[in-house]
Amino acid sequence: MKKAAVIIIGNEILLGRVTDTNSGFIARTLDPYGISVDTIVTVGDDGAAIADAVRRLTATYPLVLTTGGLGPTKDDITKKVLCEIYGGTLRMDDAVLANVERVFAAKGLRMNDLTRQQALVPTSCTVIQNTLGTAPIMEFHGTDGHILVSLPGVPFETQGMLVNGGVAERIARELTPDVHTAHRTLLTYGITESGLAERLDNFENEMPATLRLAYLPDSPIIKLRLDAVGADSVSVNALVDEWFDRLRSQLGDLVFAIGEVSVEERLEQILRERGLTVGTAESCTGGNIAHRLTSVAGSSEVYNGSIVSYTNELKHNILGVSNENLEEYGAVSEAVVRQMAEGAARVLGTDCAIATSGIAGPGGGTPAKPVGTVWMAVTTPSGTVAECHRIPGNRARVIERATVTALLMLLKQL
């Protein structure tokens, strides 16, 4: 594995006003290429601090990536600092300028002199066109052979260009031209990370040294990625395929998806294959399940709609939940959530439906039904099932975890 370092630049990061998501994404993206992020450093918009971090890390690592400090305002000084370190002067790049003009025209905005300065780049760098924004990506080569790639700070731009823009592949070709990598991914549900590790203990002990198994938990899902490294692309892919098949066989029904796919993508794939439709009746999740379902392109083929029945009146008047069940068991109960799911399927005209009712907090809990209690039900042509889950954490975590669990619940039934 080649080692790399990441420098996150920006006062807004140091002050906690913006959360850094770029460094983790960079590490996850480069790892399958045989490049491991070993160090992450955060500095403010200070020229001396940026220069010190760049000089210190490029003296140690063959690859350094920076994010941020490439905007048009006075505190965006990364470009100037890198020009001082690597030499050269700032020049106007016509291709970058044309890209900036395109971006602004698409947004219906008028350019000014500060915006045009985005097209100034050091003569010592190779420009990689940022098709998602105005700040160009710059690649520098040190005299000792190291590579520095300067990326924008906007996560949408950095992450999009790394993957879809081919920047990660470009870096891998330059840094590890003689190393071939292959990776396969699967998603599991219904087992803890420690339980999964115990189950795969013998598997990991028997793996060749050129293979590595990574556990990537995102509760309640655990993603497993099998990576292979070697000098020959054909043999590397054959090896990873052989062991990936063994991994799938060993995990059996715990595997619900293969590849880089979300729960909602996998669910909608199955719904399409079976010619089924789905709708939702949401209380505590407030439409978040519907949001996840409609985030998938082409979801209109399988998704009919949603009813956010936050009050008991809506649960009764629209979904047909009986007042007797609401009074005797309360809104957060098996009886109510079952009727919500069945009512949603009936009202929305769907084959399947998901329903949730719970206490997301921070208030509203009782000893019998503490904060984080969520009842969920799914109905399919085979019938209706309901489950109660106790989800720890704040309101946002309860809503998100309940959303994913409910989607998985329907996936499991299908």
# chains A, B, ... in the order shown; residues from 1 in each chain; ligands from 1
$ residues_around --residues "Asp46 of chain A" --least-positions-apart "4" --cutoff "10 Å" --atoms "only C-alpha atoms" --output "list in words"
Ile9, Gly10, Asn11, Ile50, Ala51, Gly69, Asp75, Asp76, Ile77, Thr78 and Val81 of chain A
$ write_last_selection --atoms "N, CA, C and O atoms" --output "tab-separated table (two decimals), in the first residue's frame"
chain	number	residue	atom	x	y	z
A	9	ILE	N	-8.17	22.53	4.57
A	9	ILE	CA	-7.88	23.95	4.76
A	9	ILE	C	-9.18	24.73	4.94
A	9	ILE	O	-10.12	24.58	4.16
A	10	GLY	N	-9.23	25.56	5.99
A	10	GLY	CA	-10.40	26.42	6.18
A	10	GLY	C	-10.67	26.77	7.62
A	10	GLY	O	-10.72	25.87	8.48
A	11	ASN	N	-10.81	28.05	7.91
A	11	ASN	CA	-11.16	28.48	9.27
A	11	ASN	C	-12.51	27.92	9.70
A	11	ASN	O	-12.73	27.62	10.87
A	50	ILE	N	-0.46	26.76	6.15
A	50	ILE	CA	-0.64	25.93	4.96
A	50	ILE	C	0.71	25.50	4.41
A	50	ILE	O	0.93	24.32	4.11
A	51	ALA	N	1.64	26.43	4.28
A	51	ALA	CA	2.96	26.12	3.74
A	51	ALA	C	3.70	25.11	4.61
A	51	ALA	O	4.34	24.18	4.11
A	69	GLY	N	-9.73	26.45	0.26
A	69	GLY	CA	-8.90	27.62	0.07
A	69	GLY	C	-8.70	28.02	-1.37
A	69	GLY	O	-7.74	28.73	-1.70
A	75	ASP	N	-9.57	35.33	1.82
A	75	ASP	CA	-9.06	34.28	2.72
A	75	ASP	C	-8.73	32.99	1.98
A	75	ASP	O	-8.22	32.04	2.59
A	76	ASP	N	-9.01	32.94	0.69
A	76	ASP	CA	-8.68	31.75	-0.11
A	76	ASP	C	-7.29	31.93	-0.71
A	76	ASP	O	-7.13	32.52	-1.79
A	77	ILE	N	-6.28	31.42	-0.01
A	77	ILE	CA	-4.89	31.72	-0.37
A	77	ILE	C	-4.10	30.47	-0.75
A	77	ILE	O	-2.89	30.55	-0.94
A	78	THR	N	-4.76	29.31	-0.85
A	78	THR	CA	-4.03	28.07	-1.14
A	78	THR	C	-3.24	28.16	-2.44
A	78	THR	O	-2.08	27.75	-2.52
A	81	VAL	N	-0.05	30.15	-2.03
A	81	VAL	CA	0.94	29.43	-1.23
A	81	VAL	C	1.61	28.33	-2.06
A	81	VAL	O	2.83	28.16	-2.04
$ residues_around --residues "Asn99 of chain A" --least-positions-apart "2" --cutoff "8 Å" --atoms "only C-alpha atoms" --output "list in words"
Ala95, Val96, Leu97, Glu101, Arg102, Val103, Gln129, Asn130, Thr131 and Thr134 of chain A
$ residues_around --residues "segment 204-208 of chain A" --least-positions-apart "5" --cutoff "9 Å" --atoms "only C-alpha atoms" --output "list of chain:residue names"
A:Ala197, A:Leu213, A:Trp243
$ closest_atom_pairs --of "segment 197-290 of chain A" --to "segment 353-369 of chain A" --cutoff "7 Å" --atoms "only C-alpha atoms" --output "JSON lines"
{"residue": "A:Val278", "atom": "CA", "partner": "A:Ala353", "partner_atom": "CA", "distance": 5.2}
{"residue": "A:Gly279", "atom": "CA", "partner": "A:Ala353", "partner_atom": "CA", "distance": 4.8}
{"residue": "A:Thr280", "atom": "CA", "partner": "A:Ile354", "partner_atom": "CA", "distance": 4.7}
{"residue": "A:Ala281", "atom": "CA", "partner": "A:Ala355", "partner_atom": "CA", "distance": 4.6}
{"residue": "A:Glu282", "atom": "CA", "partner": "A:Thr356", "partner_atom": "CA", "distance": 5.1}
{"residue": "A:Ser283", "atom": "CA", "partner": "A:Ser357", "partner_atom": "CA", "distance": 5.0}
{"residue": "A:Cys284", "atom": "CA", "partner": "A:Gly358", "partner_atom": "CA", "distance": 5.2}
{"residue": "A:Thr285", "atom": "CA", "partner": "A:Thr356", "partner_atom": "CA", "distance": 6.7}
$ residues_around --residues "Glu157 of chain A" --least-positions-apart "6" --cutoff "10 Å" --atoms "only C-alpha atoms" --output "JSON, numbers by chain"
{"A": [22, 130, 131, 132, 133, 134, 135, 137, 151, 165]}
$ closest_residue --among "A:Ile8, A:Gly275, A:Gly34, A:Arg246" --to "Pro152 of chain A" --atoms "only C-alpha atoms"
A:Ile8
$ residues_around --residues "Leu65 of chain A" --least-positions-apart "5" --cutoff "7 Å" --atoms "only C-alpha atoms" --output "ChimeraX atom specification"
/A:5-7,148-150
$ residues_around --residues "segment 167-178 of chain A" --least-positions-apart "2" --cutoff "12 Å" --atoms "only C-alpha atoms" --output "ChimeraX atom specification"
/A:1-4,25-36,61-65,127-131,137-141,145-151,157-165,180-181,229-233
$ closest_residue --among "A:Gly153, A:Gly190, A:Pro370, A:Gly320" --to "Val255 of chain A" --atoms "only C-alpha atoms"
A:Gly190
$ select_by_dssp --residues "segment 26-135 of chain A" --states "alpha helix (DSSP H)" --output "number ranges by chain"
A: 26-30, 47-58, 78-86, 94-107, 113-116
$ atom_distance --atom1 "atom CA of Tyr329 of chain A" --atom2 "atom CA of Glu387 of chain A"
15.0 Å
$ select_by_dssp --residues "segment 218-383 of chain A" --states "strand (DSSP E or B)" --output "mmCIF file with N, CA and C atoms, in the first residue's frame"
data_model
loop_
_atom_site.group_PDB
_atom_site.id
_atom_site.type_symbol
_atom_site.label_atom_id
_atom_site.label_comp_id
_atom_site.auth_asym_id
_atom_site.auth_seq_id
_atom_site.Cartn_x
_atom_site.Cartn_y
_atom_site.Cartn_z
ATOM 1 N N ASP A 218 -22.338 0.781 9.106
ATOM 2 C CA ASP A 218 -23.217 1.944 9.040
ATOM 3 C C ASP A 218 -24.559 1.484 9.580
ATOM 4 N N ILE A 221 -26.562 -1.563 9.082
ATOM 5 C CA ILE A 221 -25.948 -2.298 7.978
ATOM 6 C C ILE A 221 -24.446 -2.405 8.205
ATOM 7 N N ILE A 222 -23.873 -3.509 7.777
ATOM 8 C CA ILE A 222 -22.415 -3.644 7.769
ATOM 9 C C ILE A 222 -21.984 -3.999 6.354
ATOM 10 N N LYS A 223 -21.184 -3.114 5.767
ATOM 11 C CA LYS A 223 -20.660 -3.362 4.433
ATOM 12 C C LYS A 223 -19.323 -4.087 4.564
ATOM 13 N N LEU A 224 -19.133 -5.104 3.750
ATOM 14 C CA LEU A 224 -17.861 -5.816 3.704
ATOM 15 C C LEU A 224 -17.254 -5.611 2.327
ATOM 16 N N ARG A 225 -15.980 -5.182 2.307
ATOM 17 C CA ARG A 225 -15.300 -5.000 1.032
ATOM 18 C C ARG A 225 -14.056 -5.859 1.008
ATOM 19 N N LEU A 226 -13.937 -6.677 -0.024
ATOM 20 C CA LEU A 226 -12.788 -7.552 -0.207
ATOM 21 C C LEU A 226 -11.884 -6.933 -1.266
ATOM 22 N N ASP A 227 -10.654 -6.621 -0.883
ATOM 23 C CA ASP A 227 -9.687 -5.991 -1.778
ATOM 24 C C ASP A 227 -8.558 -6.949 -2.101
ATOM 25 N N ALA A 228 -8.102 -6.886 -3.346
ATOM 26 C CA ALA A 228 -6.957 -7.690 -3.781
ATOM 27 C C ALA A 228 -5.957 -6.791 -4.482
ATOM 28 N N VAL A 229 -4.676 -7.073 -4.273
ATOM 29 C CA VAL A 229 -3.594 -6.298 -4.888
ATOM 30 C C VAL A 229 -2.604 -7.264 -5.513
ATOM 31 N N GLY A 230 -2.130 -6.934 -6.719
ATOM 32 C CA GLY A 230 -1.149 -7.785 -7.373
ATOM 33 C C GLY A 230 -0.560 -7.111 -8.593
ATOM 34 N N VAL A 255 -26.605 -11.621 3.669
ATOM 35 C CA VAL A 255 -26.300 -10.715 2.559
ATOM 36 C C VAL A 255 -27.600 -10.299 1.883
ATOM 37 N N PHE A 256 -27.816 -8.967 1.770
ATOM 38 C CA PHE A 256 -29.021 -8.506 1.095
ATOM 39 C C PHE A 256 -28.715 -7.729 -0.183
ATOM 40 N N ALA A 257 -27.444 -7.415 -0.447
ATOM 41 C CA ALA A 257 -27.113 -6.696 -1.678
ATOM 42 C C ALA A 257 -25.641 -6.915 -2.014
ATOM 43 N N ILE A 258 -25.351 -6.864 -3.311
ATOM 44 C CA ILE A 258 -23.991 -6.988 -3.813
ATOM 45 C C ILE A 258 -23.614 -5.685 -4.506
ATOM 46 N N VAL A 278 -45.136 0.335 -4.104
ATOM 47 C CA VAL A 278 -45.016 0.585 -2.672
ATOM 48 C C VAL A 278 -45.451 2.006 -2.342
ATOM 49 N N GLY A 279 -45.956 2.189 -1.131
ATOM 50 C CA GLY A 279 -46.282 3.501 -0.592
ATOM 51 C C GLY A 279 -45.925 3.514 0.880
ATOM 52 N N THR A 280 -46.003 4.673 1.526
ATOM 53 C CA THR A 280 -45.639 4.746 2.942
ATOM 54 C C THR A 280 -46.676 5.522 3.741
ATOM 55 N N ALA A 281 -46.806 5.146 5.006
ATOM 56 C CA ALA A 281 -47.593 5.891 5.986
ATOM 57 C C ALA A 281 -46.645 6.203 7.131
ATOM 58 N N GLU A 282 -46.248 7.461 7.263
ATOM 59 C CA GLU A 282 -45.191 7.802 8.219
ATOM 60 C C GLU A 282 -45.691 8.751 9.295
ATOM 61 N N TYR A 303 -43.022 3.481 -6.922
ATOM 62 C CA TYR A 303 -43.462 4.245 -5.755
ATOM 63 C C TYR A 303 -44.676 5.094 -6.110
ATOM 64 N N ASN A 304 -45.764 4.938 -5.342
ATOM 65 C CA ASN A 304 -46.997 5.672 -5.608
ATOM 66 C C ASN A 304 -47.125 6.960 -4.820
ATOM 67 N N GLY A 305 -46.742 6.940 -3.548
ATOM 68 C CA GLY A 305 -46.901 8.133 -2.742
ATOM 69 C C GLY A 305 -46.813 7.842 -1.261
ATOM 70 N N SER A 306 -47.052 8.889 -0.464
ATOM 71 C CA SER A 306 -46.904 8.759 0.983
ATOM 72 C C SER A 306 -47.965 9.578 1.706
ATOM 73 N N ILE A 307 -48.311 9.112 2.888
ATOM 74 C CA ILE A 307 -49.195 9.858 3.779
ATOM 75 C C ILE A 307 -48.443 10.073 5.086
ATOM 76 N N VAL A 308 -48.131 11.334 5.392
ATOM 77 C CA VAL A 308 -47.484 11.652 6.659
ATOM 78 C C VAL A 308 -48.590 11.942 7.662
ATOM 79 N N CYS A 352 -47.546 -3.035 -1.736
ATOM 80 C CA CYS A 352 -46.779 -3.061 -0.486
ATOM 81 C C CYS A 352 -46.845 -1.688 0.175
ATOM 82 N N ALA A 353 -46.647 -1.673 1.472
ATOM 83 C CA ALA A 353 -46.606 -0.395 2.187
ATOM 84 C C ALA A 353 -45.742 -0.535 3.425
ATOM 85 N N ILE A 354 -45.147 0.600 3.825
ATOM 86 C CA ILE A 354 -44.329 0.688 5.029
ATOM 87 C C ILE A 354 -44.978 1.710 5.947
ATOM 88 N N ALA A 355 -45.042 1.414 7.246
ATOM 89 C CA ALA A 355 -45.602 2.358 8.207
ATOM 90 C C ALA A 355 -44.692 2.468 9.423
ATOM 91 N N THR A 356 -44.601 3.678 9.978
ATOM 92 C CA THR A 356 -43.810 3.893 11.193
ATOM 93 C C THR A 356 -44.589 4.766 12.167
ATOM 94 N N SER A 357 -44.436 4.485 13.445
ATOM 95 C CA SER A 357 -45.004 5.313 14.503
ATOM 96 C C SER A 357 -44.117 5.156 15.722
ATOM 97 N N GLY A 358 -43.577 6.265 16.201
ATOM 98 C CA GLY A 358 -42.634 6.141 17.311
ATOM 99 C C GLY A 358 -42.427 7.440 18.047
ATOM 100 N N THR A 373 -38.379 4.486 20.975
ATOM 101 C CA THR A 373 -39.278 3.366 20.675
ATOM 102 C C THR A 373 -39.974 3.624 19.345
ATOM 103 N N VAL A 374 -39.820 2.714 18.426
ATOM 104 C CA VAL A 374 -40.458 2.860 17.111
ATOM 105 C C VAL A 374 -41.111 1.542 16.727
ATOM 106 N N TRP A 375 -42.402 1.609 16.490
ATOM 107 C CA TRP A 375 -43.107 0.473 15.898
ATOM 108 C C TRP A 375 -43.138 0.671 14.390
ATOM 109 N N MET A 376 -42.867 -0.377 13.635
ATOM 110 C CA MET A 376 -42.939 -0.301 12.180
ATOM 111 C C MET A 376 -43.593 -1.555 11.648
ATOM 112 N N ALA A 377 -44.303 -1.386 10.545
ATOM 113 C CA ALA A 377 -44.991 -2.519 9.926
ATOM 114 C C ALA A 377 -44.827 -2.427 8.416
ATOM 115 N N VAL A 378 -44.806 -3.584 7.779
ATOM 116 C CA VAL A 378 -44.815 -3.638 6.322
ATOM 117 C C VAL A 378 -45.902 -4.614 5.892
ATOM 118 N N THR A 379 -46.580 -4.236 4.837
ATOM 119 C CA THR A 379 -47.580 -5.132 4.268
ATOM 120 C C THR A 379 -47.191 -5.463 2.842
ATOM 121 N N THR A 380 -47.343 -6.724 2.474
ATOM 122 C CA THR A 380 -47.033 -7.228 1.141
ATOM 123 C C THR A 380 -48.185 -8.129 0.704
ATOM 124 N N GLY A 383 -49.021 -10.666 3.320
ATOM 125 C CA GLY A 383 -49.551 -10.331 4.632
ATOM 126 C C GLY A 383 -48.821 -9.164 5.266
#
$ closest_atom_pairs --of "segment 247-318 of chain A" --to "segment 393-409 of chain A" --cutoff "8 Å" --atoms "only C-alpha atoms" --output "tab-separated table"
residue	atom	partner	partner_atom	distance
A:Val263	CA	A:Leu408	CA	6.8
A:Glu264	CA	A:Leu407	CA	6.8
A:Leu267	CA	A:Leu407	CA	7.5
A:Cys284	CA	A:Ile399	CA	6.9
A:Thr285	CA	A:Ile399	CA	5.2
A:Asn288	CA	A:Thr403	CA	6.6
A:Ile289	CA	A:Thr403	CA	5.4
